[in-house]
Amino acid sequence: MSREQLHGLMNDALKASDADQTEIVIMTSNSALTWYAENIIHQNVADHTAQVQVRAAHGKKVGSASTTDCSPEGLALVVQQASHAARLMPDDPGFPGLPSPQPIAEAGIGGWVAATAVSPPGERVLVVKKVIERAEHEGLRAAGTYQVQNSELAVMSSMGVAAYHQYTVAALKAVVMGDDSSGYGLMSSADIADIDPEATGEQAVRTAVETRHPTEVEPGAFEVVLSPFAVEELMSNLVYALSARSVEQHTCFLEGHEGEQIVSPIVSLYDDGLDPAGMPVPFDFEGMPKRRVDFLTQGKGGNVVYDSYYAAKMGRTTTGHSLQQPEPNEIGPCPCPYPLNIFMGAGDSSEADMVSHVERGIYVTRFWYGSLVDPRGAVVTGMTRDGTYLIENGHKTHGIQNLRFTQGLVDMLAHTVEISRNRAVLASPFGGVLVMASSFGIGAMVLPSIRAEGFQFTGVTR
Amino acid sequence: MDKFTERVIAAARGLGASYCDCRLIDAEREDMSVVGGAPHAVVHAHQRGFGVRVIANGAWGFSSSSVVSDAEADHIVEEAVTIAHASALAKKKDVVLAPVASSQDMIPHQADVDPFTIPDSEKIGLLAEATRAMMLPGVVLARGQMQFLKERKIFASSEGSYIVQDRVQSGAGISAMAAGDKGDVQIRSYPTSASGDNAQSGWEFVQAMKLLDHAEPTAREALALLSAKPCPSGVKDLVVGGQQLALQIHESCGHPTELDRVMGMEASFAGTSFLTPDKKGSFRYGSDIVNLTADPTIPHALGGLAYDDEGVRGRKVYLVWGGIFEHYLNSRASAPVVGEEPMGAMRADSFARCPIVRMVSINLEPGDLTFEQLIGGVEDGLYVDGIKSWSIDDRRLNFQFGSEIGWEIRGGKLQDMVKNPTYTGVTYEFWRSCDGIGGPELYHVWGLDNCGKGEPMQTAHVSHGTSPARFRHVQVGVLHE
């Protein structure tokens with residue numbers, strides 16, 4: 001649609017609401033995905049979907065409703081349903097009312113590229129073919145996805161909030177497999193012109209070739225060099241703790257440690273929805289402006305993210321991190337508020353430098369299936385995949401069988417000794433979260449490679 | 001056939017598609033949660049739209065829309081066919097579908113009491129009372145939730161099938177989180193974790209859970225875990241409770257028997273499978289008492305279905321029989337590759353997604369032991385239950401699971417409670433060590449509504465029938481420091 005069309009529809013629907021306060025969030029998505037495996041395209045899909053979420057309040061009674069029907073009649077109905085749901089609810093004493101509008105820094109934030117928005121299916125196939133042909137040349141099998149998304153996020157409320165953001169995402173992923181090895185490549189950007197299939201394919205192919213005939217290494221504590229993809233899986237398990245709700249539930253490792261040195265002084269971790277180096281989103285699902293939140297600054301404990309509900313509950317101001325994700329929902333509990341634009345501060349090294357500094361250790365291309373074992377110290381277990389190397393005397397010498405890790409992430413950040421200056425942009429759905437019925441990717445992580453000591457591997461696969 | 005799907009099929013034929021199916025779905029969903037006696041969220045969701053899948057020039061194309069109109073139907077069909085022609089640019093051979101009989105059918109839902117006729121105030125009231133009962137001193141978070149789905153799905157294909165399926169689902173669960181000194185946090189859930197238990201049933205399913213009766217005991221267990229001893233570490237015999245075993249089956253049997261994974265179609269996301277076609281009919285997956293079924297015909301099971309999203313009638317197959325790996329979950333395109341017949345496992349989670357191979361109800365057939373006999377056969381071991389954490393490698397071999405609660409077993413008797421129990425192993429070694437399975441009186445079909453797979457990710461509703469079972473010589477208590 002467009003800003004004018006969406007806001008016009010929303011404005012009309014708001015006028016028809018009989019609730020004390022009403023908020024409408026609409027996400028539209030024109031998304032296409034080419035999914036390939038075994039060197040063929042096995043699914044090639046498109047969807048044109050709108051998702052409408054309405055929150056209505058009668059005093060302290062709050063109800064929600066959602067629909068995929070974005071017509072004037074559909075919006076009128078869903079507003080009425082939310083209002084009706086609210087009337088049936090008991091008071092929510094913690095509800096502070098819908099937030100009042102605040103200035104949003106939209107100018108120059110970017111994030112939408114016309115060429116990405118109009119990419120035709122034939123072009124996607126040609127990009128994928130380049131990856132496939134590179135893999136076939138080495139006798140390998142390529143699998144992956146090429147996704148192109150053109151989305152809008154609009155928020156409007158009876159309090160005067162009126163926000164709109166349009167963004168595009170192009171993301172090419174390649175997993176290249178041999179008989180006993182595999183490699184990984186991923187590139188994502190708002191601009192389809194940034195997607196380089198040759199480089200993505202080459203990265204995956206090179207890793208698959210180099211890690212052929214893996215040997216088994218006994219689990220134990222190792223010095224590790226982790227690629228940005230590996231760091232991303234770990235951070236995905238850490239960010240759940242960086243929310244006001246986690247503080248409330250006493251599952252946040254930052255709780256009570258503000259200003260204290262809790263990890264290595266070279267580690268900084270923050271959320272910044274306005275930084276164009278990531279996938280910027282200037283406001284949250286309440287239409288509140290994004291503010292940078294520093295979780296760790298040079299290793300010292302900082303703040304967590306808030307939405308208006310938790311800000312009121314905990315005596316803070318909203319940082320613009322509401323997801324308004326209905327919960328419970330099919331994708332599991334979401335710790336609203338939630339950081340969507342995670343950055344780890346850049347270091348001054350390179351991945352090659354890091355490897356050269358390791359006498360005996362392990363290089364991890366990717367971690368997989370991380371799962372929180374113990375919130376204290378954010379202990380996570382998971383597996384390596386798609387390219388795990390033994391490092392000996394400063395060189396990646398050969399591939400090894402995938403290993404299971406069980407590692408406290410706070411402890412890992414405390415033992416991080418080197419960080420790369422280059423960072424990868426890992427766009428949702430790979431690096432962010434899926435919101436609103438899991439259809440709309442938004443946000444990204446911008447992460448470096450890191451070198452850490454004493455990383456705990458606790459098992460090996462067959 | 002109705003006019004809309006008839007138009008879709010005719011348009012696809014007109015554009016040269018050799019196959020077309022259309023799913024027109026209208027779904028209503030209600031989710032609610034209560035925290036500490038206060039309502040946290042009540043969400044009513046409505047989804048309506050259609051998805052069109054075509055084969056043209058020997059390749060697949062798919063498109064979908066949430067706008068259901070004749071003009072949009074024409075646009076979506078045209079886009080699906082265009083995409084199929086684009087896919088054909090990279091094809092190695094034409095898509096071939098296993099033949100299936102066309103069906104005209106109308107499948108009613110299985111609910112006695114439509115949950116959408118129960119007032120929200122009654123549902124919220126029940127959750128509020130249950131969560132208030134859990135708010136004992138030391139409990140920092142008492143949560144309850146319910147979720148309901150009512151769906152009408154119309155499937156029409158160019159092969160003449162026209163199937164209308166109605167579905168009603170209900171689910172609920174409560175959990176208590178207790179916090180102790182030094183950041184220790186413990187959770188207990190009832191009847192199981194995540195969204196609780198779910199089934200193709202109505203309000204009667206929630207009533208039968210008796211949430212109020214279980215609220216305080218659940219909270220007391222969370223509190224007791226704070227002072228429980230840590231899980232011992234070592235190789236021990238392990239009795240796995242039914243809830244936890246549902247997860248074990250899901251991760252180590254359900255996913256690796258999905259034929260699309262086996263054929264590499266999921267390699268870029270969730271991975272592949274160790275159960276390669278050469279193992280079919282000969283690989284010893286488990287001990288000879290291990291019989292695992294894929295059965296979409298179990299009444300009320302969340303993973304049950306009459307027809308899948310390819311119009312294939314669901315039927316029971318043995319994935320593992322007498323410990324030997326026998327069959328896959330499959331689709332019309334993948335089944336012929338390994339010499340199988342389609343068995344009804346292709347599903348999409350909405351009109352906007354293309355069907356992929358999904359679990360139905362994957363079940364461990366019950367054995368003949370009582371719970372006392374299972375425990376009585378252990379000299380030095382552990383009993384664990386309640387899903388807490390899960391991780392498994394990309395070929396579904398090396399796993400590590402954490403449970404909410406455990407008890408030491410010594411001399412054939414349950415002894416002290418232990419906190420943070422974990423166990424790890426390799427799938428086939430673990431199942432080969434199974435030497436006892438609880439009887440039918442301990443059997444329950446658990447409904448899980450959060451199985452993620454595919455790109456873009458789809459969330460499937462599946463189920464797992466389990467009784468507790470015993471495994472020998474398992475690594476428990478994985479240490480991390």
# chains A, B, ... in the order shown; residues from 1 in each chain; ligands from 1
>>> interface_residues(of="chain B", to="chain A", cutoff="6 Å", atoms="only C-alpha atoms", output="VMD selection string")
chain B and resid 31 42 to 47 61 to 66 83 86 91 265 268 352 389 to 391 393 398 450 480
>>> select_by_dssp(residues="range 270-451 of chain A", states="alpha helix (DSSP H)", output="PyMOL selection string")
chain A and resi 308-313+351-356+409-414
>>> write_last_selection(atoms="C-alpha atoms", output="PDB file, in the first residue's frame")
ATOM      1  CA  SER A 308       5.441   1.480  27.869  1.00  0.00           C
ATOM      2  CA  TYR A 309       3.922  -1.231  30.082  1.00  0.00           C
ATOM      3  CA  TYR A 310       7.168  -2.254  31.760  1.00  0.00           C
ATOM      4  CA  ALA A 311       8.451   1.328  31.837  1.00  0.00           C
ATOM      5  CA  ALA A 312       5.422   2.338  33.910  1.00  0.00           C
ATOM      6  CA  LYS A 313       5.650  -0.787  36.048  1.00  0.00           C
ATOM      7  CA  GLU A 351      39.541 -13.390  11.690  1.00  0.00           C
ATOM      8  CA  ALA A 352      42.882 -14.399  10.187  1.00  0.00           C
ATOM      9  CA  ASP A 353      44.699 -12.605  13.018  1.00  0.00           C
ATOM     10  CA  MET A 354      42.585 -14.420  15.577  1.00  0.00           C
ATOM     11  CA  VAL A 355      43.314 -17.826  14.104  1.00  0.00           C
ATOM     12  CA  SER A 356      47.022 -17.004  13.981  1.00  0.00           C
ATOM     13  CA  LEU A 409      27.528 -17.067  27.680  1.00  0.00           C
ATOM     14  CA  VAL A 410      28.382 -14.485  30.318  1.00  0.00           C
ATOM     15  CA  ASP A 411      31.437 -16.575  31.125  1.00  0.00           C
ATOM     16  CA  MET A 412      32.308 -16.740  27.420  1.00  0.00           C
ATOM     17  CA  LEU A 413      32.083 -12.950  27.089  1.00  0.00           C
ATOM     18  CA  ALA A 414      34.269 -12.649  30.176  1.00  0.00           C
TER      19      ALA A 414
END
>>> residues_around(residues="range 148-150 of chain B", least_positions_apart="2", cutoff="8 Å", atoms="only C-alpha atoms", output="JSON, numbers by chain")
{"B": [27, 28, 29, 30, 31, 115, 116, 146, 152, 166, 167, 168, 169, 170, 171]}
>>> write_last_selection(atoms="C-alpha atoms", output="compact mmCIF listing (two decimals), in the first residue's frame")
# COMPACT_ATOMS: atom_id res chain seq x y z
CA ALA B 27 -9.49 -19.68 10.82
CA GLU B 28 -10.39 -18.14 14.12
CA ARG B 29 -7.99 -18.28 17.03
CA GLU B 30 -8.19 -17.19 20.62
CA ASP B 31 -5.19 -16.95 22.94
CA PRO B 115 -14.75 -23.40 23.08
CA PHE B 116 -15.68 -20.19 21.31
CA MET B 146 -5.34 -21.17 26.99
CA ARG B 152 -12.48 -24.55 7.97
CA ASP B 166 -13.45 -28.55 10.03
CA ARG B 167 -11.14 -28.53 12.98
CA VAL B 168 -11.47 -27.36 16.56
CA GLN B 169 -8.53 -27.35 18.94
CA SER B 170 -8.31 -26.54 22.63
CA GLY B 171 -5.33 -26.33 24.93
>>> residues_around(residues="Ala76 in chain A", least_positions_apart="5", cutoff="9 Å", atoms="only C-alpha atoms", output="PyMOL selection string")
chain A and resi 12-14+16-17+71+81
>>> closest_residue(among="A:Ala190, A:Ala56, A:Val25, A:Ile195", to="Gly443 in chain A", atoms="only C-alpha atoms")
A:Ala190
>>> closest_residue(among="A:Pro289, A:Gly361, A:Gly59, A:Gly97", to="Val155 in chain A", atoms="only C-alpha atoms")
A:Pro289
>>> decode(residues="range 382-398 of chain B", atoms="N, CA and C atoms", output="PDB file, in the first residue's frame")
ATOM      1  N   LEU B 382      18.022 -42.459  37.619  1.00  0.00           N
ATOM      2  CA  LEU B 382      17.363 -41.168  37.682  1.00  0.00           C
ATOM      3  C   LEU B 382      16.001 -41.277  36.987  1.00  0.00           C
ATOM      4  N   TYR B 383      15.003 -40.611  37.548  1.00  0.00           N
ATOM      5  CA  TYR B 383      13.707 -40.470  36.880  1.00  0.00           C
ATOM      6  C   TYR B 383      13.515 -38.991  36.584  1.00  0.00           C
ATOM      7  N   VAL B 384      13.239 -38.652  35.333  1.00  0.00           N
ATOM      8  CA  VAL B 384      13.088 -37.241  34.955  1.00  0.00           C
ATOM      9  C   VAL B 384      11.774 -37.042  34.203  1.00  0.00           C
ATOM     10  N   ASP B 385      11.231 -35.813  34.317  1.00  0.00           N
ATOM     11  CA  ASP B 385      10.049 -35.482  33.515  1.00  0.00           C
ATOM     12  C   ASP B 385       9.879 -33.968  33.483  1.00  0.00           C
ATOM     13  N   GLY B 386       9.087 -33.502  32.531  1.00  0.00           N
ATOM     14  CA  GLY B 386       8.819 -32.070  32.370  1.00  0.00           C
ATOM     15  C   GLY B 386       9.841 -31.430  31.455  1.00  0.00           C
ATOM     16  N   ILE B 387       9.396 -31.000  30.287  1.00  0.00           N
ATOM     17  CA  ILE B 387      10.322 -30.473  29.269  1.00  0.00           C
ATOM     18  C   ILE B 387      10.853 -29.105  29.684  1.00  0.00           C
ATOM     19  N   LYS B 388      12.175 -28.950  29.657  1.00  0.00           N
ATOM     20  CA  LYS B 388      12.775 -27.669  30.044  1.00  0.00           C
ATOM     21  C   LYS B 388      13.697 -27.115  28.962  1.00  0.00           C
ATOM     22  N   SER B 389      14.600 -27.928  28.427  1.00  0.00           N
ATOM     23  CA  SER B 389      15.467 -27.446  27.350  1.00  0.00           C
ATOM     24  C   SER B 389      15.733 -28.592  26.391  1.00  0.00           C
ATOM     25  N   TRP B 390      16.010 -28.242  25.124  1.00  0.00           N
ATOM     26  CA  TRP B 390      16.227 -29.291  24.138  1.00  0.00           C
ATOM     27  C   TRP B 390      17.173 -28.815  23.057  1.00  0.00           C
ATOM     28  N   SER B 391      18.016 -29.723  22.636  1.00  0.00           N
ATOM     29  CA  SER B 391      18.965 -29.417  21.568  1.00  0.00           C
ATOM     30  C   SER B 391      19.391 -30.732  20.934  1.00  0.00           C
ATOM     31  N   ILE B 392      19.474 -30.724  19.607  1.00  0.00           N
ATOM     32  CA  ILE B 392      19.874 -31.928  18.887  1.00  0.00           C
ATOM     33  C   ILE B 392      20.597 -31.497  17.616  1.00  0.00           C
ATOM     34  N   ASP B 393      21.525 -32.311  17.166  1.00  0.00           N
ATOM     35  CA  ASP B 393      22.340 -31.863  16.041  1.00  0.00           C
ATOM     36  C   ASP B 393      21.562 -31.907  14.726  1.00  0.00           C
ATOM     37  N   ASP B 394      22.202 -31.432  13.656  1.00  0.00           N
ATOM     38  CA  ASP B 394      21.476 -31.230  12.402  1.00  0.00           C
ATOM     39  C   ASP B 394      21.218 -32.529  11.660  1.00  0.00           C
ATOM     40  N   ARG B 395      21.735 -33.677  12.151  1.00  0.00           N
ATOM     41  CA  ARG B 395      21.364 -34.977  11.579  1.00  0.00           C
ATOM     42  C   ARG B 395      20.513 -35.783  12.555  1.00  0.00           C
ATOM     43  N   ARG B 396      20.181 -35.158  13.687  1.00  0.00           N
ATOM     44  CA  ARG B 396      19.290 -35.761  14.688  1.00  0.00           C
ATOM     45  C   ARG B 396      19.934 -36.939  15.406  1.00  0.00           C
ATOM     46  N   LEU B 397      21.217 -36.796  15.683  1.00  0.00           N
ATOM     47  CA  LEU B 397      21.928 -37.870  16.378  1.00  0.00           C
ATOM     48  C   LEU B 397      22.274 -37.473  17.809  1.00  0.00           C
ATOM     49  N   ASN B 398      23.148 -36.488  17.961  1.00  0.00           N
ATOM     50  CA  ASN B 398      23.581 -36.108  19.305  1.00  0.00           C
ATOM     51  C   ASN B 398      22.553 -35.165  19.923  1.00  0.00           C
TER      52      ASN B 398
END
